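J.: My file is run.pdb. It has PDB, C-alpha atoms:
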ATOM      1  CA  MET A   1       0.000   0.000   0.000  1.00  0.00           C
ATOM      2  CA  SER A   2       1.436   3.377  -0.950  1.00  0.00           C
ATOM      3  CA  SER A   3       1.938   6.146   1.572  1.00  0.00           C
ATOM      4  CA  ALA A   4      -0.641   8.291  -0.238  1.00  0.00           C
ATOM      5  CA  SER A   5      -3.295   5.617   0.174  1.00  0.00           C
ATOM      6  CA  LYS A   6      -2.330   5.184   3.848  1.00  0.00           C
ATOM      7  CA  VAL A   7      -2.761   8.918   4.396  1.00  0.00           C
ATOM      8  CA  LEU A   8      -6.118   8.910   2.600  1.00  0.00           C
ATOM      9  CA  ARG A   9      -7.260   5.850   4.542  1.00  0.00           C
ATOM     10  CA  LEU A  10      -6.169   7.366   7.861  1.00  0.00           C
ATOM     11  CA  SER A  11      -7.784  10.756   7.142  1.00  0.00           C
ATOM     12  CA  ARG A  12     -11.096   9.095   6.215  1.00  0.00           C
ATOM     13  CA  ALA A  13     -10.934   7.004   9.395  1.00  0.00           C
ATOM     14  CA  VAL A  14     -10.213  10.090  11.503  1.00  0.00           C
ATOM     15  CA  VAL A  15     -13.255  11.887  10.085  1.00  0.00           C
ATOM     16  CA  PHE A  16     -15.487   8.850  10.700  1.00  0.00           C
ATOM     17  CA  ALA A  17     -14.236   8.324  14.273  1.00  0.00           C
ATOM     18  CA  THR A  18     -14.447  11.996  15.205  1.00  0.00           C
ATOM     19  CA  VAL A  19     -17.969  12.440  13.846  1.00  0.00           C
ATOM     20  CA  CYS A  20     -19.267   9.253  15.465  1.00  0.00           C
ATOM     21  CA  CYS A  21     -17.739  10.075  18.854  1.00  0.00           C
ATOM     22  CA  ALA A  22     -18.851  13.701  18.811  1.00  0.00           C
ATOM     23  CA  VAL A  23     -22.423  12.718  17.937  1.00  0.00           C
ATOM     24  CA  SER A  24     -22.491   9.954  20.574  1.00  0.00           C
ATOM     25  CA  ALA A  25     -20.981  12.137  23.285  1.00  0.00           C
ATOM     26  CA  GLY A  26     -23.308  15.021  22.480  1.00  0.00           C
ATOM     27  CA  GLY A  27     -26.326  12.736  22.504  1.00  0.00           C
ATOM     28  CA  HIS A  28     -25.223  11.173  25.775  1.00  0.00           C
ATOM     29  CA  VAL A  29     -24.904  14.540  27.500  1.00  0.00           C
ATOM     30  CA  LEU A  30     -28.140  15.938  25.997  1.00  0.00           C
ATOM     31  CA  ALA A  31     -30.088  12.825  27.008  1.00  0.00           C
ATOM     32  CA  GLY A  32     -29.196  13.427  30.638  1.00  0.00           C
ATOM     33  CA  GLY A  33     -26.014  11.419  30.880  1.00  0.00           C
ATOM     34  CA  GLY A  34     -23.098  12.728  32.859  1.00  0.00           C
ATOM     35  CA  ALA A  35     -20.202  14.660  31.455  1.00  0.00           C
ATOM     36  CA  ILE A  36     -17.820  12.389  29.600  1.00  0.00           C
ATOM     37  CA  PRO A  37     -14.252  12.513  30.864  1.00  0.00           C
ATOM     38  CA  PHE A  38     -11.828  13.553  28.142  1.00  0.00           C
ATOM     39  CA  ARG A  39      -9.786  10.364  28.450  1.00  0.00           C
ATOM     40  CA  VAL A  40     -12.955   8.293  27.922  1.00  0.00           C
ATOM     41  CA  PHE A  41     -13.808  10.382  24.851  1.00  0.00           C
ATOM     42  CA  LEU A  42     -10.287   9.909  23.487  1.00  0.00           C
ATOM     43  CA  ALA A  43     -10.495   6.155  24.132  1.00  0.00           C
ATOM     44  CA  GLY A  44     -13.771   6.078  22.165  1.00  0.00           C
ATOM     45  CA  VAL A  45     -12.184   8.013  19.296  1.00  0.00           C
ATOM     46  CA  ALA A  46      -9.188   5.653  19.290  1.00  0.00           C
ATOM     47  CA  ALA A  47     -11.411   2.557  19.223  1.00  0.00           C
ATOM     48  CA  ALA A  48     -13.609   3.955  16.458  1.00  0.00           C
ATOM     49  CA  LEU A  49     -10.490   5.035  14.554  1.00  0.00           C
ATOM     50  CA  ALA A  50      -9.040   1.542  14.718  1.00  0.00           C
ATOM     51  CA  LEU A  51     -12.318   0.009  13.495  1.00  0.00           C
ATOM     52  CA  ALA A  52     -12.670   2.554  10.693  1.00  0.00           C
ATOM     53  CA  TYR A  53      -9.062   2.119   9.572  1.00  0.00           C
ATOM     54  CA  LEU A  54      -9.524  -1.647   9.342  1.00  0.00           C
ATOM     55  CA  ILE A  55     -12.609  -1.465   7.126  1.00  0.00           C
ATOM     56  CA  ASP A  56     -11.561   1.613   5.159  1.00  0.00           C
ATOM     57  CA  GLY A  57      -9.628   0.016   2.314  1.00  0.00           C
ATOM     58  CA  ARG A  58     -11.917   1.148  -0.487  1.00  0.00           C
ATOM     59  CA  GLU A  59     -15.019   3.183  -1.253  1.00  0.00           C
ATOM     60  CA  ARG A  60     -18.000   1.967   0.735  1.00  0.00           C
ATOM     61  CA  GLY A  61     -21.675   2.110  -0.132  1.00  0.00           C
ATOM     62  CA  LEU A  62     -24.426   3.550   2.020  1.00  0.00           C
ATOM     63  CA  ALA A  63     -25.287   0.159   3.558  1.00  0.00           C
ATOM     64  CA  ALA A  64     -21.709  -0.406   4.737  1.00  0.00           C
ATOM     65  CA  VAL A  65     -21.396   3.126   6.102  1.00  0.00           C
ATOM     66  CA  LEU A  66     -24.754   2.746   7.869  1.00  0.00           C
ATOM     67  CA  ALA A  67     -23.759  -0.591   9.405  1.00  0.00           C
ATOM     68  CA  ALA A  68     -20.422   0.789  10.617  1.00  0.00           C
ATOM     69  CA  THR A  69     -22.072   3.927  11.999  1.00  0.00           C
ATOM     70  CA  VAL A  70     -24.833   2.047  13.839  1.00  0.00           C
ATOM     71  CA  THR A  71     -22.324  -0.427  15.298  1.00  0.00           C
ATOM     72  CA  THR A  72     -19.993   2.353  16.410  1.00  0.00           C
ATOM     73  CA  GLN A  73     -22.853   4.426  17.875  1.00  0.00           C
ATOM     74  CA  MET A  74     -24.189   1.499  19.892  1.00  0.00           C
ATOM     75  CA  ALA A  75     -20.733   0.531  21.172  1.00  0.00           C
ATOM     76  CA  LEU A  76     -19.973   4.128  22.160  1.00  0.00           C
ATOM     77  CA  HIS A  77     -23.362   4.382  23.882  1.00  0.00           C
ATOM     78  CA  GLN A  78     -22.473   1.366  26.001  1.00  0.00           C
ATOM     79  CA  VAL A  79     -19.021   2.740  26.837  1.00  0.00           C
ATOM     80  CA  PHE A  80     -20.332   6.181  27.742  1.00  0.00           C
ATOM     81  CA  GLU A  81     -23.213   4.733  29.781  1.00  0.00           C
ATOM     82  CA  ARG A  82     -20.847   2.650  31.894  1.00  0.00           C
ATOM     83  CA  LEU A  83     -17.980   5.127  32.247  1.00  0.00           C
ATOM     84  CA  ALA A  84     -19.952   8.391  32.466  1.00  0.00           C
ATOM     85  CA  PRO A  85     -23.398   7.604  33.898  1.00  0.00           C
ATOM     86  CA  GLY A  86     -25.780  10.491  34.391  1.00  0.00           C
ATOM     87  CA  ALA A  87     -26.199  12.279  37.670  1.00  0.00           C
ATOM     88  CA  GLY A  88     -28.857  10.472  39.651  1.00  0.00           C
ATOM     89  CA  PHE A  89     -29.102   7.598  37.148  1.00  0.00           C
ATOM     90  CA  ASP A  90     -28.109   4.058  37.921  1.00  0.00           C
ATOM     91  CA  ALA A  91     -25.649   2.341  35.600  1.00  0.00           C
ATOM     92  CA  GLY A  92     -28.606   0.765  33.769  1.00  0.00           C
ATOM     93  CA  HIS A  93     -31.099   2.729  31.772  1.00  0.00           C
ATOM     94  CA  ALA A  94     -33.230   5.203  33.641  1.00  0.00           C
ATOM     95  CA  HIS A  95     -34.986   6.111  30.386  1.00  0.00           C
ATOM     96  CA  PRO A  96     -37.103   3.909  28.119  1.00  0.00           C
ATOM     97  CA  ALA A  97     -34.799   1.658  26.109  1.00  0.00           C
ATOM     98  CA  SER A  98     -36.991   1.570  23.002  1.00  0.00           C
ATOM     99  CA  ARG A  99     -36.977   5.351  22.723  1.00  0.00           C
ATOM    100  CA  MET A 100     -33.192   5.476  23.201  1.00  0.00           C
ATOM    101  CA  VAL A 101     -32.685   2.821  20.514  1.00  0.00           C
ATOM    102  CA  LEU A 102     -34.936   4.765  18.149  1.00  0.00           C
ATOM    103  CA  VAL A 103     -32.980   7.979  18.793  1.00  0.00           C
ATOM    104  CA  HIS A 104     -29.665   6.191  18.264  1.00  0.00           C
ATOM    105  CA  LEU A 105     -30.844   4.598  15.024  1.00  0.00           C
ATOM    106  CA  THR A 106     -32.218   7.884  13.700  1.00  0.00           C
ATOM    107  CA  VAL A 107     -29.059   9.809  14.528  1.00  0.00           C
ATOM    108  CA  ALA A 108     -26.892   6.988  13.163  1.00  0.00           C
ATOM    109  CA  ALA A 109     -28.887   6.981   9.909  1.00  0.00           C
ATOM    110  CA  LEU A 110     -28.523  10.757   9.497  1.00  0.00           C
ATOM    111  CA  THR A 111     -24.835  10.612  10.357  1.00  0.00           C
ATOM    112  CA  ALA A 112     -24.271   7.712   7.963  1.00  0.00           C
ATOM    113  CA  TRP A 113     -26.062   9.564   5.170  1.00  0.00           C
ATOM    114  CA  TRP A 114     -23.926  12.653   5.777  1.00  0.00           C
ATOM    115  CA  LEU A 115     -20.690  10.639   5.925  1.00  0.00           C
ATOM    116  CA  HIS A 116     -21.664   8.704   2.788  1.00  0.00           C
ATOM    117  CA  ARG A 117     -22.269  11.946   0.869  1.00  0.00           C
ATOM    118  CA  GLY A 118     -18.792  13.115   1.861  1.00  0.00           C
ATOM    119  CA  GLU A 119     -17.389   9.721   0.873  1.00  0.00           C
ATOM    120  CA  ARG A 120     -18.998   9.938  -2.570  1.00  0.00           C
ATOM    121  CA  ALA A 121     -17.700  13.477  -3.098  1.00  0.00           C
ATOM    122  CA  LEU A 122     -14.187  12.476  -2.072  1.00  0.00           C
ATOM    123  CA  TRP A 123     -14.139   9.473  -4.414  1.00  0.00           C
ATOM    124  CA  LEU A 124     -15.507  11.583  -7.273  1.00  0.00           C
ATOM    125  CA  VAL A 125     -12.620  14.012  -6.837  1.00  0.00           C
ATOM    126  CA  ILE A 126     -10.177  11.104  -6.717  1.00  0.00           C
ATOM    127  CA  ARG A 127     -11.645   9.590  -9.887  1.00  0.00           C
ATOM    128  CA  LEU A 128     -11.530  12.930 -11.699  1.00  0.00           C
ATOM    129  CA  TYR A 129      -7.973  13.511 -10.552  1.00  0.00           C
ATOM    130  CA  GLY A 130      -7.022  10.056 -11.775  1.00  0.00           C
ATOM    131  CA  ALA A 131      -8.889  10.380 -15.065  1.00  0.00           C
ATOM    132  CA  ALA A 132      -6.994  10.411 -18.318  1.00  0.00           C
ATOM    133  CA  PRO A 133      -5.685  13.897 -19.219  1.00  0.00           C
ATOM    134  CA  PRO A 134      -7.887  14.258 -22.344  1.00  0.00           C
ATOM    135  CA  VAL A 135     -11.004  13.798 -20.196  1.00  0.00           C
ATOM    136  CA  VAL A 136      -9.826  16.368 -17.677  1.00  0.00           C
ATOM    137  CA  ARG A 137      -8.877  18.761 -20.471  1.00  0.00           C
ATOM    138  CA  LEU A 138     -12.310  18.271 -21.984  1.00  0.00           C
ATOM    139  CA  LEU A 139     -14.013  19.066 -18.664  1.00  0.00           C
ATOM    140  CA  LEU A 140     -11.793  22.001 -17.761  1.00  0.00           C
ATOM    141  CA  GLY A 141     -11.099  23.416 -21.199  1.00  0.00           C
ATOM    142  CA  ALA A 142     -14.629  23.633 -22.560  1.00  0.00           C
ATOM    143  CA  PRO A 143     -15.036  26.945 -24.372  1.00  0.00           C
ATOM    144  CA  VAL A 144     -17.224  29.417 -22.587  1.00  0.00           C
ATOM    145  CA  GLU A 145     -18.854  32.206 -24.542  1.00  0.00           C
ATOM    146  CA  VAL A 146     -18.387  35.541 -22.828  1.00  0.00           C
ATOM    147  CA  ALA A 147     -19.673  38.803 -24.266  1.00  0.00           C
ATOM    148  CA  PRO A 148     -17.053  41.558 -24.534  1.00  0.00           C
ATOM    149  CA  PRO A 149     -17.443  44.200 -21.845  1.00  0.00           C
ATOM    150  CA  SER A 150     -19.377  47.307 -22.751  1.00  0.00           C
ATOM    151  CA  TRP A 151     -17.718  50.617 -22.011  1.00  0.00           C
ATOM    152  CA  ARG A 152     -21.024  52.434 -21.778  1.00  0.00           C
ATOM    153  CA  PRO A 153     -23.658  51.395 -19.328  1.00  0.00           C
ATOM    154  CA  VAL A 154     -26.862  50.400 -20.977  1.00  0.00           C
ATOM    155  CA  THR A 155     -29.653  52.763 -20.008  1.00  0.00           C
ATOM    156  CA  ARG A 156     -33.077  53.049 -21.379  1.00  0.00           C
ATOM    157  CA  GLU A 157     -34.676  56.368 -22.021  1.00  0.00           C
ATOM    158  CA  VAL A 158     -37.174  57.375 -19.378  1.00  0.00           C
ATOM    159  CA  PRO A 159     -39.653  59.985 -20.532  1.00  0.00           C
ATOM    160  CA  VAL A 160     -39.723  63.108 -18.380  1.00  0.00           C
ATOM    161  CA  ARG A 161     -43.220  64.250 -17.554  1.00  0.00           C
ATOM    162  CA  ARG A 162     -43.475  67.880 -16.601  1.00  0.00           C
ATOM    163  CA  GLY A 163     -46.417  69.465 -14.922  1.00  0.00           C
ATOM    164  CA  ARG A 164     -47.745  66.316 -13.256  1.00  0.00           C
ATOM    165  CA  ILE A 165     -47.874  66.202  -9.490  1.00  0.00           C
ATOM    166  CA  VAL A 166     -47.692  62.925  -7.642  1.00  0.00           C
ATOM    167  CA  SER A 167     -49.795  63.082  -4.519  1.00  0.00           C
ATOM    168  CA  GLN A 168     -47.484  60.989  -2.303  1.00  0.00           C
ATOM    169  CA  ALA A 169     -44.296  62.786  -3.373  1.00  0.00           C
ATOM    170  CA  VAL A 170     -42.883  65.638  -1.340  1.00  0.00           C
ATOM    171  CA  GLY A 171     -41.573  68.398  -3.545  1.00  0.00           C
ATOM    172  CA  ARG A 172     -39.259  70.794  -1.756  1.00  0.00           C
ATOM    173  CA  ARG A 173     -36.646  72.844  -3.496  1.00  0.00           C
ATOM    174  CA  GLY A 174     -33.881  74.804  -1.891  1.00  0.00           C
ATOM    175  CA  PRO A 175     -32.519  74.924   1.624  1.00  0.00           C
ATOM    176  CA  PRO A 176     -34.768  74.372   4.628  1.00  0.00           C
ATOM    177  CA  VAL A 177     -36.648  77.384   5.981  1.00  0.00           C
ATOM    178  CA  ARG A 178     -35.637  78.585   9.468  1.00  0.00           C
TER     179      ARG A 178
END
Transcribe the structure of this file into structure tokens.

T.:
Amino acid sequence: MSSASKVLRLSRAVVFATVCCAVSAGGHVLAGGGAIPFRVFLAGVAAALALAYLIDGRERGLAAVLAATVTTQMALHQVFERLAPGAGFDAGHAHPASRMVLVHLTVAALTAWWLHRGERALWLVIRLYGAAPPVVRLLLGAPVEVAPPSWRPVTREVPVRRGRIVSQAVGRRGPPVR
């Protein structure tokens, strides 16, 4: 594997891990969980990074991104629940489990969709960059018709009407009266 592909693979894994952990940590805190210690957050990022790096060898479809996101979200939920329980909550769930699962699945689906869109855009750029030069020249060198600049602004003639008074207009001439 070339160093360029390692860098690309690592950068994609970092984005995936950071987004998943930030969403999970934010959801945990907003749902009434306790504050997550920074070392626990970093451990979650490291675990998600390792998972993402392992499965990140090529472009993934929406189903694969969704499966990885849901798995990571659920694992992070378990880690955060055990290592940063909410104030006044026992280590188990103090909130309805079905509602929490629904929230996690919804957020994971939205996150996966967002990550997949970024994945598709990245791979499109890579494919265009790797395309044969004539194709790139064709895309970038297409002639564009541009009208020469005009030195005179285009104005249309507006007829001047003298002697008509507009009722809503205020007509004052000269300096103000003291």

J.: What does the distance between atom CA of A:Gly44 and atom CA of A:Leu102 come to in Å, to one decimal place?

T.: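 So the answer is 21.6 Å.
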
J.: Of the candidates A:Ala35, A:Ala17, A:Leu83, A:Ala121, which one gets nearest to A:Thr71 if we count only C-alpha atoms?

T.: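 Result for the nearest residue to A:Thr71: A:Ala17.
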
J.: Hey, can you check how far atom CA of A:Leu8 sits from atom CA of A:Leu115?

T.: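 Answer for the atom CA of A:Leu8 to atom CA of A:Leu115 separation: 15.0 Å.
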
J.: Between A:Gln78, A:Ala52, A:Val23, A:Arg12, which one has atoms that come closest to A:Leu122, using all atoms listed in the file?

T.: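 Result for the nearest residue to A:Leu122: A:Arg12.
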
J.: Apply the PyMOL selection byres ((chain A and resi 105) around 12) to the structure shown and report the selected residues as a ChimeraX atom specification.

T.: /A:24,27,66-74,77,98-104,106-112

J.: Given the PyMOL selection byres ((chain A and resi 45) around 10) and the file above, list the residues it selects as a list in words.

T.: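 Against this file, the PyMOL selection byres ((chain A and resi 45) around 10) returns the residues Val14, Phe16, Ala17, Thr18, Val19, Cys20, Cys21, Ala22, Arg39, Val40, Phe41, Leu42, Ala43, Gly44, Ala46, Ala47, Ala48, Leu49, Ala50, Leu51 and Leu76 of chain A.
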
J.: In terms of the shortest atom-to-atom distance over all atoms listed in the file, which of A:Leu10, A:Leu62, A:Ala84, A:Ala75 is closest to A:His28?

T.: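 Looking only at the distances to A:His28, the closest residue turns out to be A:Ala84.
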
J.: What is the distance, in Å and to one decimal place, between atom CA of A:Val7 and atom CA of A:Tyr129?

T.: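 Atom CA of A:Val7 sits 16.5 Å away from atom CA of A:Tyr129.
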
J.: Hey, which of A:Val15, A:Ser5, A:Gly130, A:Ile55 ends up closest to A:Trp114? Count all atoms listed in the file.

T.: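 Smallest separation from A:Trp114 among the options: A:Val15.
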
J.: Extract, using all atoms listed in the file, all DNA, RNA and protein residues at most 10 Å from A:Arg60, discarding same-chain residues fewer than 3 positions from it, and format them as a list in words.

T.: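 Listing them by chain and then by number gives Ile55, Asp56, Gly57, Ala63, Ala64, Val65, Leu66, His116, Glu119, Arg120 and Trp123 of chain A.
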
J.: Just write the chosen residues, C-alpha atoms, as a short mmCIF file (atom, residue, chain, number, x, y, z; two decimals), keeping the file's coordinate frame.

T.:
data_model
loop_
_atom_site.label_atom_id
_atom_site.label_comp_id
_atom_site.auth_asym_id
_atom_site.auth_seq_id
_atom_site.Cartn_x
_atom_site.Cartn_y
_atom_site.Cartn_z
CA ILE A 55 -12.61 -1.46 7.13
CA ASP A 56 -11.56 1.61 5.16
CA GLY A 57 -9.63 0.02 2.31
CA ALA A 63 -25.29 0.16 3.56
CA ALA A 64 -21.71 -0.41 4.74
CA VAL A 65 -21.40 3.13 6.10
CA LEU A 66 -24.75 2.75 7.87
CA HIS A 116 -21.66 8.70 2.79
CA GLU A 119 -17.39 9.72 0.87
CA ARG A 120 -19.00 9.94 -2.57
CA TRP A 123 -14.14 9.47 -4.41
#

J.: Using the file's own x, y and z axes, what box holds all listed atoms of stretch 116-119 of chain A with 4 Å on each side, keeping edges along x, y and z, and what are its centre and edge lengths in Å to one decimal, as lines of an AutoDock Vina configuration file?

T.:
center_x = -19.8
center_y = 10.9
center_z = 1.8
size_x = 12.9
size_y = 12.4
size_z = 9.9

J.: Out of A:Glu81, A:Pro176, A:Glu157, A:Ser11, which residue has the shortest atom-to-atom distance to A:Gly33 when counting only C-alpha atoms?

T.: A:Glu81
